[in-house]
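Novice: Data: protein21.csv, CSV, C-alpha atoms.
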```
chain,number,residue,atom,x,y,z
A,276,GLN,CA,3.1,-0.8,5.6
A,277,VAL,CA,4.1,2.3,3.7
A,278,GLN,CA,7.4,4.0,4.5
A,279,LEU,CA,7.6,7.7,3.4
A,280,ALA,CA,10.7,9.8,3.3
A,281,GLU,CA,10.8,13.5,2.5
A,282,SER,CA,13.8,15.3,1.0
A,283,GLY,CA,14.6,18.7,-0.4
A,284,GLY,CA,14.0,21.0,2.6
A,285,GLY,CA,16.4,23.8,3.5
A,286,LEU,CA,16.9,27.5,4.0
A,287,VAL,CA,15.9,29.9,1.2
A,288,GLN,CA,15.4,33.6,1.0
A,289,ALA,CA,11.9,35.1,0.5
A,290,GLY,CA,10.9,34.9,-3.1
A,291,GLY,CA,13.0,31.8,-3.7
A,292,SER,CA,12.0,28.2,-4.6
A,293,LEU,CA,12.4,24.8,-3.2
A,294,ARG,CA,11.3,21.4,-4.4
A,295,LEU,CA,10.3,18.7,-1.9
A,296,SER,CA,10.1,15.1,-2.8
A,297,CYS,CA,8.4,12.2,-1.0
A,298,ALA,CA,9.6,8.7,-1.7
A,299,ALA,CA,7.2,5.9,-0.9
A,300,ALA,CA,8.1,2.3,-0.3
A,301,ALA,CA,5.7,-0.5,0.5
A,302,SER,CA,6.3,-3.6,2.5
A,303,GLY,CA,4.1,-6.4,3.6
A,304,ARG,CA,0.7,-6.9,2.0
A,305,THR,CA,-0.2,-5.1,-1.2
A,306,PHE,CA,-2.7,-2.3,-1.0
A,307,SER,CA,-3.6,0.8,-3.0
A,308,VAL,CA,-2.7,4.4,-2.2
A,309,TYR,CA,-5.7,6.7,-2.9
A,310,ARG,CA,-4.2,10.0,-2.0
A,311,MET,CA,-0.9,11.7,-1.2
A,312,GLY,CA,-0.7,14.9,0.7
A,313,TRP,CA,1.6,17.5,2.1
A,314,PHE,CA,1.0,19.1,5.5
A,315,ARG,CA,3.1,21.5,7.5
A,316,GLN,CA,3.5,22.6,11.0
A,317,ALA,CA,5.0,25.8,12.1
A,318,ALA,CA,6.5,26.3,15.5
A,319,GLY,CA,3.8,26.7,18.1
A,320,LYS,CA,1.0,26.0,15.6
A,321,GLU,CA,-1.2,23.1,14.6
A,322,ARG,CA,-0.4,20.9,11.7
A,323,GLU,CA,-2.2,22.2,8.6
A,324,PHE,CA,-3.1,20.9,5.2
A,325,VAL,CA,-1.1,22.3,2.3
A,326,THR,CA,-1.9,20.2,-0.8
A,327,ALA,CA,-2.9,16.8,-2.0
A,328,ILE,CA,-3.3,14.7,-5.1
A,329,SER,CA,-6.0,12.0,-5.6
A,330,TYR,CA,-4.6,8.9,-7.3
A,331,SER,CA,-8.1,7.9,-8.5
A,332,ASN,CA,-8.8,10.9,-10.6
A,333,GLY,CA,-5.7,13.0,-10.5
A,334,ASN,CA,-7.5,15.9,-8.8
A,335,THR,CA,-5.3,18.3,-6.9
A,336,TYR,CA,-6.2,20.4,-3.9
A,337,TYR,CA,-4.5,23.4,-2.3
A,338,THR,CA,-4.9,25.5,0.7
A,339,GLU,CA,-5.7,29.1,-0.3
A,340,PRO,CA,-2.4,30.7,0.9
A,341,VAL,CA,-0.3,28.5,-1.5
A,342,LYS,CA,-2.5,28.6,-4.6
A,343,GLY,CA,-0.6,29.8,-7.6
A,344,ARG,CA,2.8,29.3,-5.8
A,345,PHE,CA,2.9,25.6,-5.0
A,346,THR,CA,2.4,22.7,-7.3
A,347,ILE,CA,2.0,19.0,-6.4
A,348,SER,CA,2.9,16.3,-8.9
A,349,ARG,CA,3.3,12.6,-9.1
A,350,ASP,CA,6.2,10.7,-10.6
A,351,ASN,CA,4.9,7.1,-11.2
A,352,ALA,CA,8.2,5.9,-12.5
A,353,LYS,CA,10.1,6.9,-9.3
A,354,ASN,CA,7.1,6.3,-7.0
A,355,THR,CA,7.5,9.8,-5.6
A,356,VAL,CA,5.3,12.8,-5.0
A,357,ASN,CA,6.8,16.2,-5.5
A,358,LEU,CA,6.0,19.7,-4.1
A,359,GLN,CA,7.4,22.6,-6.1
A,360,MET,CA,7.3,25.7,-4.0
A,361,ASN,CA,7.8,29.1,-5.7
A,362,SER,CA,7.7,32.6,-4.4
A,363,LEU,CA,8.3,31.4,-0.9
A,364,LYS,CA,7.3,33.7,2.0
A,365,PRO,CA,8.6,33.7,5.6
A,366,GLU,CA,5.1,32.4,6.7
A,367,ASP,CA,5.8,29.2,4.7
A,368,THR,CA,8.5,28.3,7.3
A,369,ALA,CA,7.5,25.0,8.8
A,370,ILE,CA,8.2,21.3,9.0
A,371,TYR,CA,6.7,19.8,5.9
A,372,TYR,CA,5.2,16.3,6.1
A,373,CYS,CA,4.3,13.9,3.4
A,374,ALA,CA,1.3,11.6,4.0
A,375,ALA,CA,-0.3,8.7,2.2
A,376,GLY,CA,-4.0,7.6,2.5
A,377,VAL,CA,-5.0,4.0,1.8
A,378,ARG,CA,-8.7,4.2,2.7
A,379,ILE,CA,-11.1,4.9,-0.1
A,380,GLY,CA,-13.6,7.7,0.0
A,381,ARG,CA,-11.9,10.0,2.5
A,382,SER,CA,-11.4,13.8,2.2
A,383,ALA,CA,-8.1,14.7,0.7
A,384,THR,CA,-7.7,17.7,2.9
A,385,ALA,CA,-8.2,16.2,6.3
A,386,SER,CA,-5.2,14.8,8.2
A,387,SER,CA,-7.4,12.0,9.6
A,388,SER,CA,-7.7,10.7,6.0
A,389,TYR,CA,-4.0,9.8,5.9
A,390,ASP,CA,-2.6,6.6,7.3
A,391,TYR,CA,1.1,6.9,6.9
A,392,TRP,CA,3.4,9.9,7.5
A,393,GLY,CA,7.0,10.8,6.8
A,394,PRO,CA,9.3,12.1,9.5
A,395,GLY,CA,9.2,15.6,8.0
A,396,THR,CA,11.6,18.1,6.4
A,397,GLN,CA,12.3,21.6,7.6
A,398,VAL,CA,11.7,24.5,5.3
A,399,THR,CA,12.9,27.9,6.5
A,400,VAL,CA,12.3,31.1,4.5
A,401,SER,CA,14.2,34.1,5.6
A,402,SER,CA,13.0,37.6,5.0
```
Show me the file's structure as structure tokens.
Specialist:
Amino acid sequence: QVQLAESGGGLVQAGGSLRLSCAAAASGRTFSVYRMGWFRQAAGKEREFVTAISYSNGNTYYTEPVKGRFTISRDNAKNTVNLQMNSLKPEDTAIYYCAAGVRIGRSATASSSYDYWGPGTQVTVSS
């Protein structure tokens, strides 16, 4: 089992910044995490991919609307994955979820590739 916990959400004005963190803790048998991702779900909409990082090669992936504004990074010492969000827009308002994928060879951008999910953290961007 992998337990994930997001932090860092909140209310910010348009143009501002927030930094989300996802802390991962493993219990039970040992296994490898192959990718970590962030997804978001706005009210009344489907959950959508935001960004991901591959642990095998360090590649990062971003959905087009956040490219150049969001940065995903990994802190091995703290066993966390961070999401730096700059130049926030009202359309970034959503619940943000951290996810971990433990099956090799899956797409980093598909929600079905992730096996463990955090409870989510609310990000609200006011205009």
Novice: List as a list in words the protein and nucleic acid residues near range 378-392 of chain A, meaning an atom at most 9 Å away when all atoms listed in the file are counted, but skip any in the same chain fewer than 5 places from it.
Specialist: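 Returned residues: Gln276, Val277, Gln278, Leu279, Ala280, Ser307, Val308, Tyr309, Arg310, Met311, Gly312, Phe314, Arg322, Glu323, Phe324, Val325, Thr326, Ala327, Ile328, Ser329, Thr335, Tyr336, Tyr337, Thr338, Tyr372 and Cys373 of chain A.
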Novice: So how far away is CA of Arg294 in chain A from CA of Arg344 in chain A, in Å?
Specialist: 11.7 Å
Novice: Given only C-alpha atoms as the basis, pick out the residue of A:Ala369, A:Tyr330, A:Gly393, A:Leu358 nearest to Gly283 in chain A.
Specialist: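 Of all the options, A:Leu358 lies closest to Gly283 in chain A.
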Novice: Would you kindly return, as an NGL selection string, each protein, DNA or RNA residue with an atom no farther than 10 Å from any atom of Gly343 in chain A, considering all atoms listed in the file and excluding same-chain residues fewer than 6 positions away?
Specialist: :A and (337 or 360-362)
Novice: Using all atoms listed in the file, which of A:Glu281, A:Glu321, A:Glu366, A:Glu339 sits nearest Ser402 in chain A?
Specialist: A:Glu366
Novice: Please complete range 317-328 of chain A so it has all heavy atoms, and hand it over as a compact mmCIF listing (two decimals), in the frame of the given file.
Specialist:
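Generated output (out.txt):
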```txt
# COMPACT_ATOMS: atom_id res chain seq x y z
N ALA A 317 4.13 24.78 11.62
CA ALA A 317 5.00 25.80 12.10
C ALA A 317 5.17 25.77 13.57
O ALA A 317 4.31 25.21 14.27
CB ALA A 317 4.48 27.19 11.63
N ALA A 318 6.24 26.34 14.07
CA ALA A 318 6.50 26.30 15.50
C ALA A 318 5.35 26.93 16.28
O ALA A 318 4.89 28.04 15.96
CB ALA A 318 7.79 27.06 15.82
N GLY A 319 4.84 26.20 17.25
CA GLY A 319 3.80 26.70 18.10
C GLY A 319 2.38 26.66 17.46
O GLY A 319 1.42 27.18 18.05
N LYS A 320 2.27 26.05 16.30
CA LYS A 320 1.00 26.00 15.60
C LYS A 320 0.56 24.56 15.34
O LYS A 320 1.35 23.63 15.43
CB LYS A 320 1.03 26.80 14.31
CG LYS A 320 1.26 28.28 14.50
CD LYS A 320 1.14 29.02 13.18
CE LYS A 320 1.30 30.51 13.37
NZ LYS A 320 1.17 31.25 12.09
N GLU A 321 -0.71 24.39 15.00
CA GLU A 321 -1.20 23.10 14.60
C GLU A 321 -0.76 22.69 13.24
O GLU A 321 -0.47 23.55 12.40
CB GLU A 321 -2.77 23.11 14.66
CG GLU A 321 -3.38 23.40 16.02
CD GLU A 321 -3.23 22.24 16.95
OE1 GLU A 321 -3.38 21.09 16.49
OE2 GLU A 321 -2.96 22.47 18.15
N ARG A 322 -0.70 21.39 13.01
CA ARG A 322 -0.40 20.90 11.70
C ARG A 322 -1.53 21.30 10.74
O ARG A 322 -2.71 21.16 11.10
CB ARG A 322 -0.22 19.39 11.67
CG ARG A 322 0.25 18.82 10.36
CD ARG A 322 0.52 17.33 10.47
NE ARG A 322 1.57 17.04 11.44
CZ ARG A 322 2.08 15.83 11.61
NH1 ARG A 322 1.65 14.81 10.89
NH2 ARG A 322 3.02 15.64 12.52
N GLU A 323 -1.20 21.77 9.54
CA GLU A 323 -2.20 22.20 8.60
C GLU A 323 -2.01 21.60 7.23
O GLU A 323 -0.90 21.28 6.82
CB GLU A 323 -2.22 23.74 8.48
CG GLU A 323 -0.96 24.32 7.89
CD GLU A 323 -1.06 25.82 7.67
OE1 GLU A 323 -2.11 26.42 7.94
OE2 GLU A 323 -0.05 26.39 7.20
N PHE A 324 -3.12 21.46 6.53
CA PHE A 324 -3.10 20.90 5.20
C PHE A 324 -2.47 21.94 4.23
O PHE A 324 -2.71 23.15 4.34
CB PHE A 324 -4.55 20.64 4.73
CG PHE A 324 -4.68 20.36 3.26
CD1 PHE A 324 -4.34 19.13 2.74
CD2 PHE A 324 -5.17 21.34 2.41
CE1 PHE A 324 -4.46 18.87 1.40
CE2 PHE A 324 -5.31 21.09 1.06
CZ PHE A 324 -4.95 19.85 0.55
N VAL A 325 -1.66 21.43 3.29
CA VAL A 325 -1.10 22.30 2.30
C VAL A 325 -1.60 21.93 0.89
O VAL A 325 -2.15 22.76 0.19
CB VAL A 325 0.48 22.15 2.27
CG1 VAL A 325 1.08 23.01 1.15
CG2 VAL A 325 1.05 22.55 3.62
N THR A 326 -1.44 20.68 0.50
CA THR A 326 -1.90 20.20 -0.80
C THR A 326 -1.99 18.74 -0.86
O THR A 326 -1.42 18.04 -0.01
CB THR A 326 -0.85 20.72 -1.90
OG1 THR A 326 -1.29 20.28 -3.20
CG2 THR A 326 0.53 20.13 -1.64
N ALA A 327 -2.75 18.23 -1.83
CA ALA A 327 -2.90 16.80 -2.00
C ALA A 327 -3.25 16.46 -3.42
O ALA A 327 -3.71 17.32 -4.18
CB ALA A 327 -4.05 16.29 -1.06
N ILE A 328 -2.99 15.20 -3.76
CA ILE A 328 -3.30 14.70 -5.10
C ILE A 328 -4.07 13.39 -4.94
O ILE A 328 -3.66 12.53 -4.15
CB ILE A 328 -2.08 14.56 -5.98
CG1 ILE A 328 -2.47 14.14 -7.39
CG2 ILE A 328 -1.07 13.60 -5.37
CD1 ILE A 328 -1.33 14.28 -8.40
```
